$ cat data_1.txt   # compact mmCIF, C-alpha atoms and all ligand atoms
# COMPACT_ATOMS: atom_id res chain seq x y z
CA MET I 173 -84.47 90.43 108.18
CA ILE I 174 -84.85 94.03 109.34
CA PRO I 175 -87.36 93.90 112.21
CA ARG I 176 -90.18 96.42 112.49
CA LEU I 177 -89.07 97.34 116.00
CA LYS I 178 -86.21 96.53 118.29
CA PRO I 179 -85.60 97.61 121.88
CA TYR I 180 -82.33 99.47 122.44
CA TYR I 181 -80.93 96.89 124.84
CA ASN I 182 -77.39 95.63 125.18
CA HIS I 183 -75.43 93.77 127.87
CA ARG I 184 -76.04 96.60 130.36
CA GLU I 185 -79.74 95.84 130.68
CA LEU I 186 -78.99 92.15 131.07
CA ILE I 187 -76.42 92.77 133.80
CA ALA I 188 -78.86 95.12 135.55
CA ALA I 189 -81.59 92.49 135.34
CA LEU I 190 -79.28 89.94 136.93
CA SER I 191 -78.18 92.25 139.76
CA PHE I 192 -80.49 90.66 142.30
CA PHE I 193 -78.44 92.03 145.20
CA ARG I 194 -79.58 95.58 144.42
CA ASN I 195 -82.66 96.77 146.20
CA ASP I 196 -84.98 99.73 146.26
CA SER I 197 -84.68 99.99 142.47
CA VAL I 198 -88.33 100.92 141.90
CA ARG I 199 -87.89 103.93 144.14
CA GLU I 200 -84.64 104.85 142.40
CA TYR I 201 -86.26 104.46 138.97
CA GLN I 202 -89.14 106.73 139.96
CA HIS I 203 -86.73 109.32 141.27
CA LYS I 204 -84.55 109.31 138.15
CA PHE I 205 -87.55 109.31 135.84
CA ALA I 206 -88.98 112.38 137.59
CA GLU I 207 -85.61 114.07 137.38
CA LEU I 208 -85.17 113.41 133.65
CA PHE I 209 -88.60 114.76 132.73
CA ASN I 210 -88.46 117.59 135.23
CA THR I 211 -91.51 116.60 137.26
CA LYS I 212 -91.99 116.52 141.02
CA THR I 213 -93.21 112.95 141.27
CA ALA I 214 -93.01 109.78 139.21
CA LEU I 215 -94.84 106.61 140.21
CA ALA I 216 -94.22 103.20 138.64
CA PHE I 217 -96.85 100.67 137.55
CA SER I 218 -96.99 97.32 135.82
CA TYR I 219 -98.48 98.92 132.66
CA GLY I 220 -99.27 102.40 131.39
CA ARG I 221 -102.94 101.50 131.41
CA SER I 222 -102.69 100.64 135.13
CA ALA I 223 -101.53 104.20 135.76
CA LEU I 224 -104.51 105.56 133.84
CA TYR I 225 -106.95 103.27 135.62
CA THR I 226 -105.50 104.32 138.96
CA ILE I 227 -105.93 108.03 138.18
CA PHE I 228 -109.66 107.47 137.55
CA LYS I 229 -110.05 105.35 140.69
CA ALA I 230 -108.02 107.63 142.94
CA LEU I 231 -110.10 110.60 141.83
CA GLU I 232 -113.26 108.55 142.36
CA PHE I 233 -114.60 109.00 138.83
CA GLU I 234 -117.70 106.90 138.32
CA ASN I 235 -119.86 106.93 135.21
CA LYS I 236 -118.00 110.02 134.09
CA GLU I 237 -117.18 110.83 130.50
CA ILE I 238 -113.52 110.70 129.61
CA ILE I 239 -112.56 112.27 126.29
CA VAL I 240 -110.04 110.40 124.20
CA PRO I 241 -108.93 110.44 120.55
CA ALA I 242 -110.63 107.88 118.30
CA TYR I 243 -107.26 106.88 116.89
CA THR I 244 -104.99 105.79 119.71
CA CYS I 245 -103.93 102.62 121.47
CA VAL I 246 -107.07 100.71 122.44
CA VAL I 247 -105.73 99.89 125.90
CA VAL I 248 -106.47 103.51 126.85
CA ALA I 249 -110.17 103.07 126.07
CA ASN I 250 -110.13 99.69 127.81
CA ALA I 251 -108.85 101.30 131.02
CA ILE I 252 -111.61 103.93 130.85
CA VAL I 253 -114.36 101.33 130.58
CA ILE I 254 -112.92 98.89 133.13
CA SER I 255 -112.63 101.76 135.64
CA GLY I 256 -116.40 102.23 135.36
CA ASN I 257 -116.39 105.29 133.11
CA ILE I 258 -117.51 106.24 129.61
CA PRO I 259 -115.20 106.90 126.64
CA ARG I 260 -116.10 109.92 124.49
CA PHE I 261 -114.26 109.86 121.20
CA VAL I 262 -112.91 112.77 119.17
CA ASP I 263 -111.71 112.37 115.58
CA ILE I 264 -108.11 113.13 114.71
CA SER I 265 -106.39 115.45 112.29
CA LEU I 266 -104.52 113.97 109.34
CA ASP I 267 -101.73 116.53 109.70
CA ASP I 268 -100.22 115.04 112.84
CA TYR I 269 -102.50 112.08 113.79
CA ASN I 270 -103.57 113.85 116.98
CA MET I 271 -106.99 114.81 118.33
CA ASN I 272 -108.59 117.54 116.21
CA LEU I 273 -108.89 120.30 118.79
CA ASP I 274 -111.53 122.11 116.76
CA LEU I 275 -113.89 119.25 117.63
CA LEU I 276 -113.06 119.13 121.31
CA ALA I 277 -115.24 121.87 122.87
CA ALA I 278 -118.45 120.34 121.51
CA LYS I 279 -117.67 117.03 123.25
CA ILE I 280 -117.30 118.54 126.72
CA ASN I 281 -120.39 118.57 128.94
CA LYS I 282 -121.39 118.59 132.62
CA ASN I 283 -120.50 114.91 132.96
CA THR I 284 -116.98 115.28 131.51
CA ALA I 285 -114.30 114.52 134.07
CA ALA I 286 -111.12 114.37 132.00
CA VAL I 287 -109.47 114.74 128.63
CA VAL I 288 -106.78 112.24 127.68
CA ALA I 289 -104.54 114.16 125.30
CA THR I 290 -102.32 111.86 123.29
CA HIS I 291 -99.20 112.89 121.41
CA LEU I 292 -99.35 110.08 118.94
CA PHE I 293 -96.20 108.71 117.34
CA GLY I 294 -94.30 111.41 119.25
CA TYR I 295 -95.99 114.43 117.63
CA PRO I 296 -96.89 117.21 120.05
CA LEU I 297 -100.51 118.22 120.35
CA ASN I 298 -100.97 121.98 120.62
CA THR I 299 -101.12 122.05 124.41
CA ASP I 300 -101.67 125.83 124.59
CA LYS I 301 -104.85 125.49 122.61
CA LEU I 302 -105.88 122.40 124.58
CA LYS I 303 -105.52 124.22 127.90
CA ASP I 304 -107.50 127.23 126.60
CA ILE I 305 -110.37 125.02 125.47
CA VAL I 306 -110.47 123.08 128.71
CA SER I 307 -110.25 126.12 130.95
CA SER I 308 -113.06 127.94 129.15
CA ALA I 309 -115.19 124.79 129.43
CA GLU I 310 -114.42 124.71 133.15
CA LYS I 311 -115.62 128.30 133.49
CA ARG I 312 -118.73 127.60 131.47
CA LEU I 313 -119.64 124.40 133.38
CA GLY I 314 -118.31 125.26 136.81
CA HIS I 315 -116.34 122.10 137.52
CA LYS I 316 -112.78 120.85 137.13
CA ILE I 317 -111.81 118.90 134.02
CA TRP I 318 -108.56 117.00 134.42
CA ILE I 319 -106.00 117.03 131.65
CA ILE I 320 -104.17 113.72 131.37
CA GLN I 321 -101.24 113.69 128.97
CA ASP I 322 -100.78 110.29 127.35
CA CYS I 323 -97.02 110.36 126.75
CA ALA I 324 -96.63 106.69 125.84
CA HIS I 325 -95.15 107.81 122.49
CA SER I 326 -93.82 111.14 123.60
CA PHE I 327 -91.73 110.97 126.77
CA GLY I 328 -89.81 114.18 126.16
CA THR I 329 -91.93 115.67 123.38
CA ARG I 330 -92.18 119.46 123.45
CA TRP I 331 -94.80 121.87 122.20
CA ASN I 332 -93.46 125.40 121.75
CA GLY I 333 -90.37 124.38 123.70
CA LYS I 334 -92.35 123.12 126.71
CA LEU I 335 -92.49 119.47 127.77
CA VAL I 336 -95.99 118.18 126.96
CA CYS I 337 -95.91 115.87 130.01
CA LYS I 338 -96.09 118.99 132.18
CA GLN I 339 -98.94 120.70 130.30
CA GLY I 340 -101.74 119.18 132.31
CA ASP I 341 -102.47 117.63 135.69
CA VAL I 342 -100.76 114.32 135.17
CA ALA I 343 -99.02 112.25 132.46
CA ILE I 344 -98.77 108.51 131.78
CA TYR I 345 -96.15 106.46 129.92
CA GLY I 346 -95.85 102.91 128.61
CA LEU I 347 -92.60 101.01 129.04
CA ASN I 348 -92.94 97.73 127.14
CA ILE I 349 -90.38 96.79 124.47
CA SER I 350 -92.20 98.69 121.72
CA LYS I 351 -91.88 102.04 123.55
CA MET I 352 -89.16 104.71 123.39
CA ILE I 353 -87.47 103.39 126.50
CA SER I 354 -88.41 100.18 128.16
CA SER I 355 -88.28 98.33 131.46
CA ILE I 356 -89.23 94.97 129.90
CA PHE I 357 -92.84 95.81 130.76
CA GLY I 358 -94.11 98.58 133.00
CA GLY I 359 -95.73 101.97 133.05
CA MET I 360 -95.16 105.32 134.72
CA LEU I 361 -97.13 108.33 135.87
CA THR I 362 -95.72 111.81 136.48
CA THR I 363 -97.30 114.80 138.15
CA ASP I 364 -96.43 118.10 139.84
CA ASP I 365 -99.61 117.95 141.93
CA ASP I 366 -98.79 116.75 145.46
CA ARG I 367 -102.41 116.15 146.42
CA LEU I 368 -103.00 113.97 143.40
CA ALA I 369 -99.75 112.08 144.03
CA LYS I 370 -100.87 111.40 147.59
CA LYS I 371 -104.22 110.02 146.41
CA ILE I 372 -102.55 107.81 143.81
CA ARG I 373 -100.09 106.43 146.38
CA LEU I 374 -102.91 105.74 148.79
CA TYR I 375 -104.84 103.83 146.13
CA GLN I 376 -101.70 101.88 145.23
CA ASP I 377 -101.12 101.00 148.89
CA GLN I 378 -104.67 99.77 149.29
CA LYS I 379 -105.26 97.93 146.03
CA PHE I 380 -101.96 96.93 144.49
CA THR I 381 -100.31 93.63 145.28
CA LYS I 382 -96.77 92.37 145.13
CA SER I 383 -95.97 90.03 142.22
CA SER I 384 -94.82 86.47 142.62
CA VAL I 385 -91.20 85.38 142.31
CA ILE I 386 -92.29 83.37 139.28
CA LYS I 387 -93.13 86.61 137.50
CA THR I 388 -89.59 87.89 138.07
CA ILE I 389 -88.21 84.70 136.55
CA LYS I 390 -90.61 85.03 133.61
CA ARG I 391 -89.49 88.61 133.01
CA LEU I 392 -85.84 87.55 133.07
CA LEU I 393 -86.52 84.78 130.57
CA TYR I 394 -88.46 87.21 128.41
CA LEU I 395 -85.52 89.64 128.41
CA ILE I 396 -83.15 86.85 127.43
CA SER I 397 -85.44 85.59 124.68
CA ILE I 398 -85.72 89.11 123.26
CA ARG I 399 -81.93 89.24 123.07
CA ILE I 400 -81.97 86.00 121.15
CA ALA I 401 -85.02 86.68 118.98
CA PHE I 402 -83.60 89.93 117.62
CA GLN I 403 -80.33 88.40 116.45
CA ASN I 404 -80.19 88.82 112.69
CA ASN I 405 -80.53 85.22 111.61
CA ILE I 406 -82.90 84.21 114.33
CA TYR I 407 -85.24 87.06 113.51
CA ARG I 408 -85.92 85.52 110.12
CA ILE I 409 -87.30 82.47 111.89
CA VAL I 410 -89.25 84.63 114.31
CA ASN I 411 -90.77 86.47 111.39
CA PHE I 412 -91.61 83.20 109.68
CA LEU I 413 -93.37 81.99 112.81
CA GLU I 414 -95.13 85.34 113.05
CA GLU I 415 -96.43 85.17 109.49
CA GLU I 416 -97.10 81.47 109.09
CA THR I 417 -98.25 80.38 112.53
CA SER I 418 -100.18 81.87 115.40
CA ILE I 419 -97.48 81.30 118.04
CA ILE I 420 -95.94 84.77 118.02
CA LYS I 421 -99.28 86.46 117.42
CA SER I 422 -100.71 84.90 120.54
CA LEU I 423 -97.70 86.25 122.47
CA THR I 424 -97.78 89.78 121.08
CA ASN I 425 -101.51 90.31 120.77
CA TYR I 426 -102.57 92.98 123.23
CA TYR I 427 -106.28 93.36 122.50
CA GLN I 428 -109.38 91.67 121.15
CA GLU I 429 -111.72 93.32 118.70
CA ASP I 430 -114.85 92.39 120.64
CA LYS I 431 -113.68 92.30 124.23
CA ILE I 432 -112.68 94.93 126.78
CA ASP I 433 -110.24 93.72 129.37
CA LEU I 434 -106.99 94.41 131.18
CA PRO I 435 -104.12 91.98 131.86
CA TYR I 436 -104.44 89.73 134.93
CA ASP I 437 -101.55 91.50 136.65
CA PHE I 438 -102.54 95.10 135.97
CA LEU I 439 -102.97 95.79 139.70
CA GLU I 440 -99.54 94.47 140.63
CA ASN I 441 -96.59 96.68 141.47
CA MET I 442 -93.69 97.14 139.12
CA LEU I 443 -91.02 94.52 139.70
CA GLU I 444 -87.53 95.38 140.94
CA ILE I 445 -86.04 93.62 137.89
CA GLU I 446 -88.08 95.87 135.59
CA ALA I 447 -86.97 98.98 137.46
CA ARG I 448 -83.30 97.95 137.23
CA VAL I 449 -83.60 97.62 133.44
CA GLY I 450 -85.53 100.88 133.28
CA ILE I 451 -82.76 102.76 135.11
CA GLU I 452 -80.27 101.67 132.43
CA GLN I 453 -82.64 102.83 129.71
CA LEU I 454 -83.01 106.30 131.20
CA LYS I 455 -79.29 106.80 130.72
CA LYS I 456 -79.75 106.19 126.99
CA TYR I 457 -82.81 108.37 126.58
CA SER I 458 -81.25 111.38 124.85
CA LYS I 459 -79.19 109.21 122.54
CA ILE I 460 -82.33 107.28 121.56
CA ILE I 461 -84.19 110.47 120.71
CA ASP I 462 -81.28 111.83 118.75
CA LEU I 463 -81.09 108.66 116.64
CA ARG I 464 -84.84 108.70 116.03
CA HIS I 465 -84.61 112.31 114.82
CA ARG I 466 -81.93 111.41 112.34
CA ILE I 467 -83.90 108.47 110.98
CA ALA I 468 -87.05 110.58 110.52
CA GLN I 469 -85.00 113.17 108.68
CA TYR I 470 -83.40 110.52 106.52
CA TYR I 471 -86.74 109.07 105.45
CA SER I 472 -88.28 112.46 104.83
CA LYS I 473 -85.44 113.43 102.58
CA ASN I 474 -85.11 110.13 100.72
CA LEU I 475 -88.79 109.30 100.25
CA SER I 476 -90.04 112.73 99.27
CA GLY I 477 -91.85 113.30 96.00
CA LEU I 478 -93.13 109.75 95.55
CA ASN I 479 -96.65 109.23 94.28
CA GLY I 480 -98.83 106.98 96.42
CA ILE I 481 -97.20 107.50 99.79
CA ILE I 482 -98.01 110.40 102.13
CA LEU I 483 -95.12 111.02 104.49
CA PRO I 484 -95.61 111.98 108.13
CA PRO I 485 -94.56 115.52 109.06
CA ILE I 486 -91.28 116.66 110.53
CA ILE I 487 -92.34 118.69 113.55
CA GLU I 488 -90.15 120.62 115.96
CA GLY I 489 -90.24 119.02 119.42
CA SER I 490 -91.37 115.60 118.20
CA THR I 491 -89.70 112.43 119.45
CA TYR I 492 -90.67 110.16 116.50
CA SER I 493 -91.62 107.07 118.42
CA HIS I 494 -92.88 105.79 115.06
CA TYR I 495 -92.41 106.88 111.46
CA VAL I 496 -95.86 106.53 109.93
CA PRO I 497 -96.68 107.24 106.26
CA ARG I 498 -100.09 106.55 104.72
CA VAL I 499 -100.46 104.31 101.67
CA ASN I 500 -103.43 102.89 99.79
CA ASP I 501 -102.06 99.42 99.20
CA ARG I 502 -100.77 98.56 102.66
CA GLN I 503 -101.03 94.79 102.39
CA LYS I 504 -99.29 94.65 99.03
CA LEU I 505 -96.47 96.89 100.20
CA LEU I 506 -96.03 94.83 103.37
CA LEU I 507 -95.70 91.60 101.41
CA LYS I 508 -93.39 93.05 98.81
CA MET I 509 -91.05 94.48 101.44
CA ARG I 510 -91.10 91.31 103.45
CA LYS I 511 -89.83 89.42 100.41
CA GLN I 512 -86.87 91.80 100.41
CA GLY I 513 -86.13 91.14 104.06
CA ILE I 514 -87.81 94.25 105.45
CA GLN I 515 -90.55 93.95 108.02
CA LEU I 516 -92.89 96.93 108.10
CA GLY I 517 -95.09 97.57 111.12
CA TRP I 518 -98.87 97.98 111.16
CA LEU I 519 -99.69 99.95 114.27
CA ILE I 520 -102.47 101.31 114.82
CA GLU I 521 -104.75 99.28 112.52
CA TYR I 522 -108.13 100.15 114.04
CA SER I 523 -110.36 103.11 114.78
CA ILE I 524 -111.61 102.52 118.32
CA PRO I 525 -115.26 103.64 117.90
CA GLU I 526 -115.60 101.22 114.96
CA MET I 527 -114.45 98.24 117.01
CA LYS I 528 -117.12 95.81 118.05
CA ALA I 529 -116.44 96.31 121.74
CA PHE I 530 -116.79 100.10 121.50
CA ARG I 531 -119.58 100.62 118.98
CA GLN I 532 -122.07 101.33 121.73
CA TRP I 533 -120.17 104.55 122.49
CA LYS I 534 -119.81 105.62 118.89
CA GLU I 535 -121.48 108.95 118.22
CA GLY I 536 -121.08 110.47 114.79
CA GLU I 537 -118.42 109.65 112.25
CA PHE I 538 -114.68 109.41 112.71
CA ILE I 539 -113.55 109.78 109.14
CA ASN I 540 -109.87 110.55 109.63
CA SER I 541 -109.45 107.91 112.28
CA ARG I 542 -110.98 105.42 109.88
CA ILE I 543 -108.70 106.52 107.03
CA CYS I 544 -105.65 106.05 109.26
CA SER I 545 -106.81 102.65 110.47
CA LYS I 546 -106.71 101.45 106.87
CA THR I 547 -103.72 103.27 105.45
CA THR I 548 -101.00 103.82 108.05
CA ILE I 549 -97.83 101.80 107.97
CA ASN I 550 -94.71 102.05 110.17
CA LEU I 551 -91.24 102.09 108.69
CA PRO I 552 -88.61 100.64 111.00
CA ASN I 553 -87.10 103.55 112.95
CA TRP I 554 -85.53 101.95 115.97
CA PRO I 555 -82.33 103.50 117.25
CA GLY I 556 -79.23 101.57 116.36
CA MET I 557 -80.40 100.75 112.87
CA LYS I 558 -77.47 100.65 110.45
CA LYS I 559 -77.19 103.18 107.63
CA LYS I 560 -77.08 100.25 105.22
CA ASN I 561 -80.50 99.12 106.40
CA LEU I 562 -81.98 102.59 106.09
CA GLU I 563 -80.69 102.73 102.52
CA LYS I 564 -82.17 99.33 101.79
CA ILE I 565 -85.60 100.34 103.09
CA SER I 566 -85.64 103.64 101.30
CA SER I 567 -84.49 102.22 97.98
CA GLY I 568 -87.04 99.39 98.28
CA ILE I 569 -89.83 101.89 98.76
CA ASN I 570 -88.55 104.17 96.05
CA LEU I 571 -88.55 101.30 93.59
CA TYR I 572 -92.03 100.23 94.65
CA TYR I 573 -93.52 103.66 93.94
CA LYS I 574 -91.50 104.55 90.82
C1 LIG D 1 -98.57 101.71 124.80
C2 LIG D 1 -99.51 102.80 124.97
C3 LIG D 1 -100.11 103.08 126.23
C4 LIG D 1 -99.86 102.26 127.48
O1 LIG D 1 -99.75 100.94 127.21
P1 LIG D 1 -99.47 99.78 128.27
O2 LIG D 1 -99.35 98.60 127.38
O3 LIG D 1 -100.65 99.72 129.16
O4 LIG D 1 -98.22 100.08 129.01
C5 LIG D 1 -100.94 104.16 126.31
N1 LIG D 1 -101.20 104.95 125.23
C6 LIG D 1 -100.65 104.73 124.02
C7 LIG D 1 -100.96 105.66 122.89
C8 LIG D 1 -99.80 103.64 123.85
O5 LIG D 1 -99.26 103.39 122.65
$ encode --input "data_1.txt" --output "structure tokens" --more "lines below"
Ligand SMILES: *Cc1c(COP(=O)(O)O)cnc(C)c1O
Amino acid sequence: MIPRLKPYYNHRELIAALSFFRNDSVREYQHKFAELFNTKTALAFSYGRSALYTIFKALEFENKEIIVPAYTCVVVANAIVISGNIPRFVDISLDDYNMNLDLLAAKINKNTAAVVATHLFGYPLNTDKLKDIVSSAEKRLGHKIWIIQDCAHSFGTRWNGKLVCKQGDVAIYGLNISKMISSIFGGMLTTDDDRLAKKIRLYQDQKFTKSSVIKTIKRLLYLISIRIAFQNNIYRIVNFLEEETSIIKSLTNYYQEDKIDLPYDFLENMLEIEARVGIEQLKKYSKIIDLRHRIAQYYSKNLSGLNGIILPPIIEGSTYSHYVPRVNDRQKLLLKMRKQGIQLGWLIEYSIPEMKAFRQWKEGEFINSRICSKTTINLPNWPGMKKKNLEKISSGINLYYK
């Protein structure tokens, strides 16, 4: 079974996880992360959404409007609401799945405190245009509007040669096993703004707690079970359990359609064990991106010209955290491929303003977001995938659409 995703872990991460004699790893991880992405400060969290929540709290936003794309990971909107603020949605563009910047200016008003700019699936948003729109709104309204770069899919993504994580006030990253690089779980924040960094640290010192030893043991067991679950033969069983029972679903489910919440431990500090694994992953970052580039190019070349499948673009500066075509018969394709031993992914399968929990903030229509929620599908594009598997996926899809 070819899994829909697979973290790029080997024995090095396991050894790092077991190196309990090492200390100060969180600090080291932050330092190395900042260095790799050329920012002054990096601060670690238990989740990416914790970093976002902390930005809002540290800046004392209350009942403020935070602009966010309608088609993004729902945990972003959850963090906005739980922090006591109001999500304002903007529809996306079908060209690159990102916020349609032509719709942005009209959403900004005197109560707008921030724009969360996401670079979905690794595709860079036009950050030059974004900054122009925000700065003319600031002049018009006379107050600061923070630009938060959501780089959960786009760690080193560049627009016009410039790192998108630096094209704003602050950036956040997710580090669970489905992300580009991973520290088992975890999140990160980067900024060049010393005053903001100071406020964030202060909030962390006051509100964040240390995790229990049990959580460290749980993370270690999780890391070991991932190693086992992704073995070729075992993964077939995992997939069976995923499809036929609710066991795996209850483990991997990260949201509820009708409920806004954050995990119980979202205000806990990153664990040392997570940081140790994260440090190993940073060393592999450029290799991971290189492999993802090659896979995207392979698919684009070998799936072009088929009727019924719209391929995602190849864009300079993208990091291809996902490879996401649109199809009209998603469920049928999923089943057919699964029979051939190929697991396709189905992220992101909702449009946030249409979700029960968020309908009260829905204003207007979000047509493209809705289209994507029903038609996007992820082809496996994890680094380390064998050529043979790529060929199998592409010939399976070619046959399906012939
Ligand atoms: C994963 C993700 C995040 C952060 O997720 P956490 O699970 O909180 O670490 C933020 N934005 C997007 C677009 C994501 O995919």
$ closest_residue --input "data_1.txt" --among "I:Leu208, I:Leu177, I:Gly477, I:Lys508" --to "Lys574 (chain I)" --atoms "all atoms listed in the file"
I:Gly477
$ atom_distance --input "data_1.txt" --atom1 "CA of Thr329 (chain I)" --atom2 "CA of Tyr345 (chain I)"
12.1 Å
$ closest_residue --input "data_1.txt" --among "I:Asn257, I:Asn195, I:Thr547, I:Ile239" --to "Met271 (chain I)" --atoms "all atoms listed in the file"
I:Ile239
$ residues_around --input "data_1.txt" --residues "Val342 (chain I)" --least-positions-apart "4" --cutoff "8 Å" --atoms "all atoms listed in the file" --output "CSV table (one decimal) with C-alpha atoms, in the coordinates of the input"
chain,number,residue,atom,x,y,z
I,319,ILE,CA,-106.0,117.0,131.6
I,320,ILE,CA,-104.2,113.7,131.4
I,321,GLN,CA,-101.2,113.7,129.0
I,337,CYS,CA,-95.9,115.9,130.0
I,338,LYS,CA,-96.1,119.0,132.2
I,361,LEU,CA,-97.1,108.3,135.9
I,362,THR,CA,-95.7,111.8,136.5
I,363,THR,CA,-97.3,114.8,138.2
I,364,ASP,CA,-96.4,118.1,139.8
I,365,ASP,CA,-99.6,118.0,141.9
$ residues_around --input "data_1.txt" --residues "Leu347 (chain I)" --least-positions-apart "3" --cutoff "10 Å" --atoms "all atoms listed in the file" --output "JSON, numbers by chain"
{"I": [216, 217, 218, 219, 220, 324, 325, 350, 351, 352, 353, 354, 355, 356, 357, 358, 359, 360, 446, 450]}
$ closest_residue --input "data_1.txt" --among "I:Tyr457, I:Tyr394, I:Phe293, I:Trp533" --to "ligand LIG 1 (chain D)" --atoms "all atoms listed in the file"
I:Phe293
$ closest_residue --input "data_1.txt" --among "I:Leu562, I:Ile396, I:Val306, I:Ile349" --to "ligand LIG 1 (chain D)" --atoms "all atoms listed in the file"
I:Ile349
$ axis_aligned_box --input "data_1.txt" --around "ligand LIG 1 (chain D)" --padding-each-side "4 Å" --output "AutoDock Vina command-line options"
--center_x -99.7 --center_y 102.1 --center_z 125.9 --size_x 11.0 --size_y 15.1 --size_z 14.5
$ closest_residue --input "data_1.txt" --among "I:Gly517, I:Leu224, I:Ile486, I:Thr491" --to "Lys459 (chain I)" --atoms "all atoms listed in the file"
I:Thr491
$ closest_residue --input "data_1.txt" --among "I:His494, I:Lys311, I:Arg194, I:Arg373" --to "ligand LIG 1 (chain D)" --atoms "all atoms listed in the file"
I:His494
$ residues_around --input "data_1.txt" --residues "Ile481 (chain I)" --least-positions-apart "6" --cutoff "8 Å" --atoms "all atoms listed in the file" --output "number ranges by chain"
I: 497-500, 573
$ residues_near_point --input "data_1.txt" --point "(-79.4, 89.8, 123.0)" --cutoff "12 Å" --atoms "only C-alpha atoms" --output "list in words"
Lys178, Pro179, Tyr180, Tyr181, Asn182, His183, Arg184, Glu185, Leu186, Ile187, Leu393, Tyr394, Leu395, Ile396, Ser397, Ile398, Arg399, Ile400, Ala401, Phe402, Gln403, Asn404, Ile406 and Tyr407 of chain I
$ closest_atom_pairs --input "data_1.txt" --of "region 402-503 of chain I" --to "region 385-389 of chain I" --cutoff "9 Å" --atoms "all atoms listed in the file" --output "CSV"
residue,atom,partner,partner_atom,distance
I:Leu443,CA,I:Thr388,CA,7.0
I:Glu444,CA,I:Thr388,CA,8.3
I:Ile445,CA,I:Thr388,CA,6.7
I:Glu446,CA,I:Thr388,CA,8.5
$ atom_distance --input "data_1.txt" --atom1 "CA of Arg466 (chain I)" --atom2 "CA of Tyr492 (chain I)"
9.8 Å
$ atom_distance --input "data_1.txt" --atom1 "CA of Asp300 (chain I)" --atom2 "CA of Gly314 (chain I)"
20.7 Å
$ residues_near_point --input "data_1.txt" --point "(-114.6, 101.8, 128.8)" --cutoff "10 Å" --atoms "all atoms listed in the file" --output "PyMOL selection string"
chain I and resi 235+237-238+246-260+432-433+529-530+533
$ residues_around --input "data_1.txt" --residues "region 331-335 of chain I" --least-positions-apart "5" --cutoff "9 Å" --atoms "only C-alpha atoms" --output "list in words"
Phe209, Asn210, Tyr295, Pro296, Leu297, Asn298, Thr299, Asp300, Glu488, Gly489 and Ser490 of chain I
